[in-house]
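For reference, the structure discussed in these notes is given below.
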Amino acid sequence: MKKKIIKIKDKLIKEIKRAKKEHLMRKYIKENKLFLTFVLTCLINSTMIRFFTIHTLENYLSIKPLIGDSAILILAGSFGYLFKPKNRFKYYLGLEIFFTAICMINSVYYTFYTSFASLSMLSLTQYLGDVGDAVVQNVIQLKDLLYLIPFGFLIFMNIKLKKRGYYKKVELKQERKKKTIKALTTGAVFALVFIITMNSLDVTRFAKQWNREYIVMRFGIYIYQFNDAVTSVKPKINSMFGYDKANRSFKEYFKDEKEVQTNEYTNIFEGKNVIVIHGESMQTNAMNRSFNGQEVTPTLNKLASEGMFFSNFYSQVSVGTSSDAELTNTTSLMPTQSGTAFVSYFNRTYISTPKLLKEKGYYTFSMHGNAADFWNRRAMHESLGYDKFYSKKDYDVNTENTIGLGISDKAFFSQSIPKLEKINEKHKNWYGLFIMLSNHTPFSDTEKYGEFPVDIKETVTKEDGSVEEVTYPYMEGTKLGNYFKSVHYADSALGDFMNELDEKGLLDNTVVIIYGDHDARLPKADYNRLNNYDKENDSVLSKDDPNYKEYDSYQYELGRKVPFIIWTKDSKGTNLNREVKNVMGMYDVMPTIGNMFGYYNKYALGHDIFNINENNIVVFPNGNWVTNKMYYNSQKEEYLSLTDEAITQDEIEKNEEYSEKLLNVSNNMIVFDLLKNAK
Ligand code: GP9
Ligand code: MN
């Protein structure tokens with residue numbers, strides 16, 4: 001009996017507590033209707049824009065942007081309490097207009113560009129024209145107006161509250177302060193939860209701001225726009241101080257008028273068309289490698305053996321990866337020290353290969369089956385001098401022809417051919433960049449790459465004479481193994497492209513230039529397995545094993561080489577058919593091919609490899625450098641000797657000084673737009 005009474009008592013207490021809570025909740029809602037309406041309506045809008053633009057399950061199920069957007073809205077909304085109730089609505093109306101405008105502008109922008117709007121673009125007057133067109137063309141679209149419904153709800157709430165005398169209430173200063181602090185604390189908690197649940201990919205993508213879709217999907221539209229504003233203003237601030245000093249050191253660097261040197265390749269390609277292939281994540285160490293007698297990259301191997309193959313060629317990219325490779329290849333400049341040239345400094349003056357060829361009457365274009373705003377290419381390709389950029393909207397991309405990030409290389413190339421045929425009909429000479437996409441990390445779309453086993457198959461004759469096939473897993477299931485499958489696919493797409501170009505006669509007067517844009521950032525442990533596989537135990541040999549081959553951090557750095565090939569249909573057997581073993585970097589591409597096509601950029605940072613030969617040095621954005629003699633790690637002040645020749649402290653110091661100056665001048669040229677007034 002007693003027990004029963006206690007139970008009932010407990011129940012009653014619980015019930016009272018619950019009712020109290022409910023009462024408090026109701027009271028809170030009643031007293032904060034304006035604030036809550038503002039937060040909720042803006043949250044509905046930000047969710048709507050995400051759902052209408054990014055059609056992936058990950059996006060639909062994503063809770064993070066809700067937390068991020070809530071944090072921003074609560075923090076911004078909390079200051080409304082500082083105002084007296086009679087003035088409060090004006091504050092929330094102002095905010096609501098601002099946040100609704102962000103959604104509406106992005107909605108219109110997305111329809112036009114399949115990407116999100118950036119403040120930095122506003123500095124381009126041409127862009128303003130584009131947006132103007134976009135607004136005119138899209139203004140009647142119903143989906144852009146949907147964002148006004150939640151907005152209308154705030155107005156409706158205002159009328160209701162007015163009728164109920166909400167604005168006539170007197171709130172003491174102390175009370176208003178208390179409410180503000182309460183709301184601010186709630187906002188801070190949301191912000192904290194948001195920050196601590198960020199993973200490393202989120203952090204880097206957030207900092208780089210190049211993949212706008214990803215940021216909106218993971219962070220929400222308001223945080224995206226806020227981050228965009230900061231990234232857009234930063235380069236302006238960077239370039240505000242130190243112009244004179246930068247200009248002086250730039251003039252000093254280029255003061256000696258370099259004599260234009262000639263060599264056996266001078267002008268050999270004058271008047272020829274150009275196909276440049278940007279080989280996504282293609283690494284030299286995938287070449288001349290076979291699994292079970294099947295080559296990983298038969299196309300690259302064939303082109304390399306028939307044309308000019310630079311076997312010691314390095315990518316010099318920084319955080320701008322693909323875009324940095326494009327920059328360095330076409331301008332002979334290094335990536336910037338902060339931000340990326342493509343995103344932050346797209347509106348600078350560049351002396352580039354497409355521009356110099358245009359002076360020779362070439363039509364210049366670029367083709368890439370991904371969204372035009374990835375890496376801000378839409379704006380930057382114009383700055384680099386491409387007459388036209390064919391992007392996702394010019395291709396038929398569907399679920400069937402998608403691999404990894406987007407359109408498969410095979411679909412991309414085959415849809416590019418008719419475009420190229422039209423260009424070829426219209427223009428006597430042309431230069432085109434084709435940016436591949438499929439061979440992109442994480443190389444996990446293995447079922448779409450086609451059959452390419454990376455295991456070891458052996459036939460063993462047993463004692464009784466019977467023959468058995470044994471399979472050792474080897475690289476199957478590893479990231480590096482999947483990478484080989486992926487490269488094999490990309491290589492086969494390239495092969496198909498070359499065949500089709502040939503069939504259409506498009507290779508007859510054309511030079512094909514292929515480069516790997518950067519290494520594939522594969523785990524060192526996988527290379528260790530590749531080199532030290534113990535098939536009997538399906539494991540890696542121990543370090544004490546006599547057959548163990550060391551794969552240390554230097555091997556890894558040296559293994560990041562990417563292919564660079566110059567090929568023509570008739571190069572086989574000529575002076576173009578050779579392997580160039582001297583170290584070479586992407587910044588040497590423009591001077592080297594410039595000499596072949598007959599153009600010259602006196603502000604190039606690299607050299608014509610056939611003039612500098614074995615004296616070349618490849619500087620990396622982190623300050624490391626490599627010569628034929630050594631790889632130098634500038635941070636650790638350590639080196640790996642690559643020949644038997646003695647290395648002196650003096651040459652290290654000289655190279656260190658050279659690298660530092662080069663990196664500095666390159667950065668200044670971009671940040672302070674020094675080429676704008678240079679003659
Ligand atoms: C994006 C593609 C990949 O369109 O070029 O860029 P990455 O991630 O390699 O820099
Ligand atoms: Mn890339």
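Chain labels run A, B, ... following the order of the structure tokens; each chain numbers its residues from 1, and ligands are numbered from 1 in the order shown.
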
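Neighbours of ligand 2 at a cut-off of 9 Å, computed so that only C-alpha atoms and all ligand atoms are counted, are the residues His278, Gly279, Glu280, Ser281, Met282, Gly320, Thr321, Ser322, Ser323, Asp324, Ala325, Ile435, Met436, Leu437, Asn439, His440, Thr441, Gly516, Asp517, His518, Asp519 and Ala520 of chain A.
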
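Using only C-alpha atoms, the residues found no farther than 12 Å from Val454 (chain A), other than those of its own chain fewer than 3 positions away, are Arg289, Ser290, Phe291, Asn292, Gly293, Gln294, Glu295, Val296, Thr446, Glu451, Lys457, Thr471, Tyr472, Pro473, Tyr474, Met475, Glu476, Gly477, Thr478, Lys479, Leu480, Gly481, Asn482, Tyr483, Phe484, Lys485, Ser486, His488 and Leu530 of chain A.
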
Can you write out the residues you just picked, keeping N, CA, C and O atoms, as a short mmCIF file (atom, residue, chain, number, x, y, z; two decimals), in the first residue's frame?
data_model
loop_
_atom_site.label_atom_id
_atom_site.label_comp_id
_atom_site.auth_asym_id
_atom_site.auth_seq_id
_atom_site.Cartn_x
_atom_site.Cartn_y
_atom_site.Cartn_z
N ARG A 289 53.95 -0.21 -66.01
CA ARG A 289 53.70 -1.16 -64.92
C ARG A 289 52.60 -2.11 -65.38
O ARG A 289 51.65 -1.68 -66.05
N SER A 290 52.76 -3.38 -65.07
CA SER A 290 51.76 -4.36 -65.51
C SER A 290 51.27 -5.22 -64.36
O SER A 290 51.98 -5.42 -63.38
N PHE A 291 50.06 -5.71 -64.49
CA PHE A 291 49.54 -6.72 -63.57
C PHE A 291 49.08 -7.89 -64.43
O PHE A 291 48.30 -7.69 -65.37
N ASN A 292 49.58 -9.05 -64.14
CA ASN A 292 49.24 -10.26 -64.90
C ASN A 292 49.40 -10.03 -66.41
O ASN A 292 48.56 -10.42 -67.21
N GLY A 293 50.48 -9.34 -66.76
CA GLY A 293 50.79 -9.12 -68.17
C GLY A 293 49.97 -8.02 -68.83
O GLY A 293 50.13 -7.75 -70.03
N GLN A 294 49.13 -7.36 -68.07
CA GLN A 294 48.30 -6.29 -68.65
C GLN A 294 48.84 -4.95 -68.19
O GLN A 294 48.95 -4.70 -66.97
N GLU A 295 49.18 -4.06 -69.14
CA GLU A 295 49.73 -2.76 -68.76
C GLU A 295 48.67 -1.89 -68.08
O GLU A 295 47.51 -1.90 -68.50
N VAL A 296 49.09 -1.09 -67.07
CA VAL A 296 48.15 -0.18 -66.42
C VAL A 296 47.80 0.96 -67.38
O VAL A 296 46.65 1.35 -67.52
N THR A 446 35.00 1.57 -58.34
CA THR A 446 35.73 0.50 -59.04
C THR A 446 34.88 -0.29 -60.03
O THR A 446 35.37 -0.71 -61.06
N GLU A 451 37.01 -4.23 -65.92
CA GLU A 451 37.80 -5.31 -65.32
C GLU A 451 39.30 -5.01 -65.40
O GLU A 451 39.84 -4.81 -66.50
N LYS A 457 48.26 -13.68 -60.39
CA LYS A 457 47.72 -15.00 -60.76
C LYS A 457 48.89 -15.86 -61.22
O LYS A 457 49.68 -15.43 -62.06
N THR A 471 45.70 -17.53 -56.89
CA THR A 471 45.59 -16.07 -56.91
C THR A 471 46.01 -15.49 -55.56
O THR A 471 45.54 -15.93 -54.51
N TYR A 472 46.92 -14.55 -55.61
CA TYR A 472 47.32 -13.82 -54.38
C TYR A 472 46.71 -12.42 -54.46
O TYR A 472 46.85 -11.75 -55.49
N PRO A 473 46.07 -11.95 -53.40
CA PRO A 473 45.32 -10.67 -53.50
C PRO A 473 46.18 -9.45 -53.87
O PRO A 473 45.70 -8.54 -54.54
N TYR A 474 47.41 -9.41 -53.44
CA TYR A 474 48.36 -8.33 -53.74
C TYR A 474 47.72 -6.94 -53.51
O TYR A 474 47.43 -6.58 -52.38
N MET A 475 47.45 -6.18 -54.57
CA MET A 475 46.97 -4.81 -54.37
C MET A 475 45.44 -4.70 -54.36
O MET A 475 44.89 -3.61 -54.20
N GLU A 476 44.76 -5.82 -54.53
CA GLU A 476 43.29 -5.80 -54.48
C GLU A 476 42.82 -5.27 -53.12
O GLU A 476 43.37 -5.64 -52.08
N GLY A 477 41.86 -4.38 -53.13
CA GLY A 477 41.29 -3.87 -51.88
C GLY A 477 42.08 -2.73 -51.26
O GLY A 477 41.67 -2.18 -50.24
N THR A 478 43.21 -2.35 -51.87
CA THR A 478 43.96 -1.21 -51.32
C THR A 478 43.62 0.03 -52.14
O THR A 478 43.14 -0.07 -53.27
N LYS A 479 43.91 1.19 -51.57
CA LYS A 479 43.60 2.43 -52.30
C LYS A 479 44.49 2.54 -53.54
O LYS A 479 44.04 2.95 -54.62
N LEU A 480 45.76 2.16 -53.39
CA LEU A 480 46.67 2.21 -54.53
C LEU A 480 46.21 1.25 -55.62
O LEU A 480 46.26 1.56 -56.81
N GLY A 481 45.72 0.09 -55.20
CA GLY A 481 45.20 -0.89 -56.17
C GLY A 481 44.02 -0.30 -56.93
O GLY A 481 43.93 -0.40 -58.16
N ASN A 482 43.12 0.33 -56.19
CA ASN A 482 41.96 0.96 -56.84
C ASN A 482 42.41 2.09 -57.76
O ASN A 482 41.82 2.33 -58.80
N TYR A 483 43.48 2.76 -57.34
CA TYR A 483 44.02 3.84 -58.17
C TYR A 483 44.48 3.28 -59.53
O TYR A 483 44.18 3.85 -60.58
N PHE A 484 45.17 2.15 -59.50
CA PHE A 484 45.63 1.56 -60.76
C PHE A 484 44.44 1.20 -61.66
O PHE A 484 44.48 1.39 -62.87
N LYS A 485 43.37 0.70 -61.05
CA LYS A 485 42.17 0.38 -61.85
C LYS A 485 41.61 1.66 -62.47
O LYS A 485 41.18 1.69 -63.62
N SER A 486 41.61 2.71 -61.66
CA SER A 486 41.06 3.98 -62.13
C SER A 486 41.92 4.60 -63.24
O SER A 486 41.40 5.07 -64.26
N HIS A 488 43.81 2.99 -65.20
CA HIS A 488 43.65 2.13 -66.36
C HIS A 488 42.42 2.57 -67.17
O HIS A 488 42.45 2.63 -68.39
N LEU A 530 53.22 -2.56 -52.30
CA LEU A 530 53.49 -2.74 -53.73
C LEU A 530 54.92 -3.23 -53.94
O LEU A 530 55.17 -4.12 -54.75
#

Please provide the set of residues having any atom within 7 Å of region 231-235 of chain A, restricted to only C-alpha atoms, with same-chain residues fewer than 3 positions apart removed, written as a ChimeraX atom specification. /A:119-120,227-228,238-239,344

Dump of N, CA and C atoms for the selected residues, as a PDB file, in the first residue's frame:
ATOM      1  N   LEU A 119      30.590  36.952 -53.672  1.00  0.00           N
ATOM      2  CA  LEU A 119      30.735  38.404 -53.573  1.00  0.00           C
ATOM      3  C   LEU A 119      31.906  38.903 -54.409  1.00  0.00           C
ATOM      4  N   SER A 120      32.962  38.082 -54.498  1.00  0.00           N
ATOM      5  CA  SER A 120      34.163  38.520 -55.212  1.00  0.00           C
ATOM      6  C   SER A 120      33.858  38.823 -56.671  1.00  0.00           C
ATOM      7  N   ASN A 227      31.401  33.038 -45.248  1.00  0.00           N
ATOM      8  CA  ASN A 227      32.775  32.614 -45.557  1.00  0.00           C
ATOM      9  C   ASN A 227      33.220  33.191 -46.895  1.00  0.00           C
ATOM     10  N   ASP A 228      32.302  33.221 -47.831  1.00  0.00           N
ATOM     11  CA  ASP A 228      32.611  33.770 -49.157  1.00  0.00           C
ATOM     12  C   ASP A 228      32.982  35.250 -49.041  1.00  0.00           C
ATOM     13  N   ASN A 238      45.205  41.908 -48.583  1.00  0.00           N
ATOM     14  CA  ASN A 238      46.589  41.480 -48.854  1.00  0.00           C
ATOM     15  C   ASN A 238      47.303  42.427 -49.797  1.00  0.00           C
ATOM     16  N   SER A 239      46.559  42.907 -50.810  1.00  0.00           N
ATOM     17  CA  SER A 239      47.209  43.721 -51.829  1.00  0.00           C
ATOM     18  C   SER A 239      47.207  45.210 -51.484  1.00  0.00           C
ATOM     19  N   SER A 344      41.018  33.442 -55.546  1.00  0.00           N
ATOM     20  CA  SER A 344      41.216  34.757 -54.929  1.00  0.00           C
ATOM     21  C   SER A 344      41.782  35.806 -55.878  1.00  0.00           C
TER      22      SER A 344
END

Can you check which residues of region 461-653 of chain A DSSP gives as helix (DSSP H, G or I) on the backbone and send them as number ranges by chain? A: 479-503, 524-531, 553-558, 586-597, 609-615, 649-653

Determine which residues of region 338-394 of chain A receive a DSSP assignment of strand (DSSP E or B), computed from the backbone, and state them as a ChimeraX atom specification. /A:363-368,388-390

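Using only C-alpha atoms and all ligand atoms, the nearest neighbour of ligand 1 within the list A:Val319, A:Val397, A:Leu36, A:Val562 is A:Val319.
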
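Within 8 Å of Tyr600 (chain A), once only C-alpha atoms are used and residues closer than 2 positions along the same chain are dropped, the contacting residues are A:Leu356, A:Pro591, A:Gly594, A:Asn595, A:Gly598, A:Lys602.
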
Print the selection's residues with N, CA, C and O atoms to a file, as a short mmCIF file (atom, residue, chain, number, x, y, z; two decimals), in the first residue's frame.
data_model
loop_
_atom_site.label_atom_id
_atom_site.label_comp_id
_atom_site.auth_asym_id
_atom_site.auth_seq_id
_atom_site.Cartn_x
_atom_site.Cartn_y
_atom_site.Cartn_z
N LEU A 356 49.18 34.33 -75.73
CA LEU A 356 50.26 34.53 -76.68
C LEU A 356 49.97 33.83 -78.01
O LEU A 356 50.34 34.31 -79.08
N PRO A 591 57.92 28.05 -71.18
CA PRO A 591 59.11 28.41 -71.95
C PRO A 591 59.53 27.32 -72.94
O PRO A 591 59.95 27.62 -74.06
N GLY A 594 56.86 27.15 -75.66
CA GLY A 594 56.85 28.48 -76.30
C GLY A 594 57.91 28.54 -77.38
O GLY A 594 57.67 29.02 -78.49
N ASN A 595 59.09 28.01 -77.07
CA ASN A 595 60.18 27.98 -78.05
C ASN A 595 59.77 27.16 -79.28
O ASN A 595 60.10 27.51 -80.41
N GLY A 598 57.03 29.24 -81.10
CA GLY A 598 57.44 30.58 -81.50
C GLY A 598 56.79 31.70 -80.71
O GLY A 598 56.43 32.74 -81.26
N LYS A 602 58.64 36.95 -71.32
CA LYS A 602 59.86 37.30 -70.60
C LYS A 602 59.68 37.27 -69.08
O LYS A 602 60.65 37.35 -68.34
#
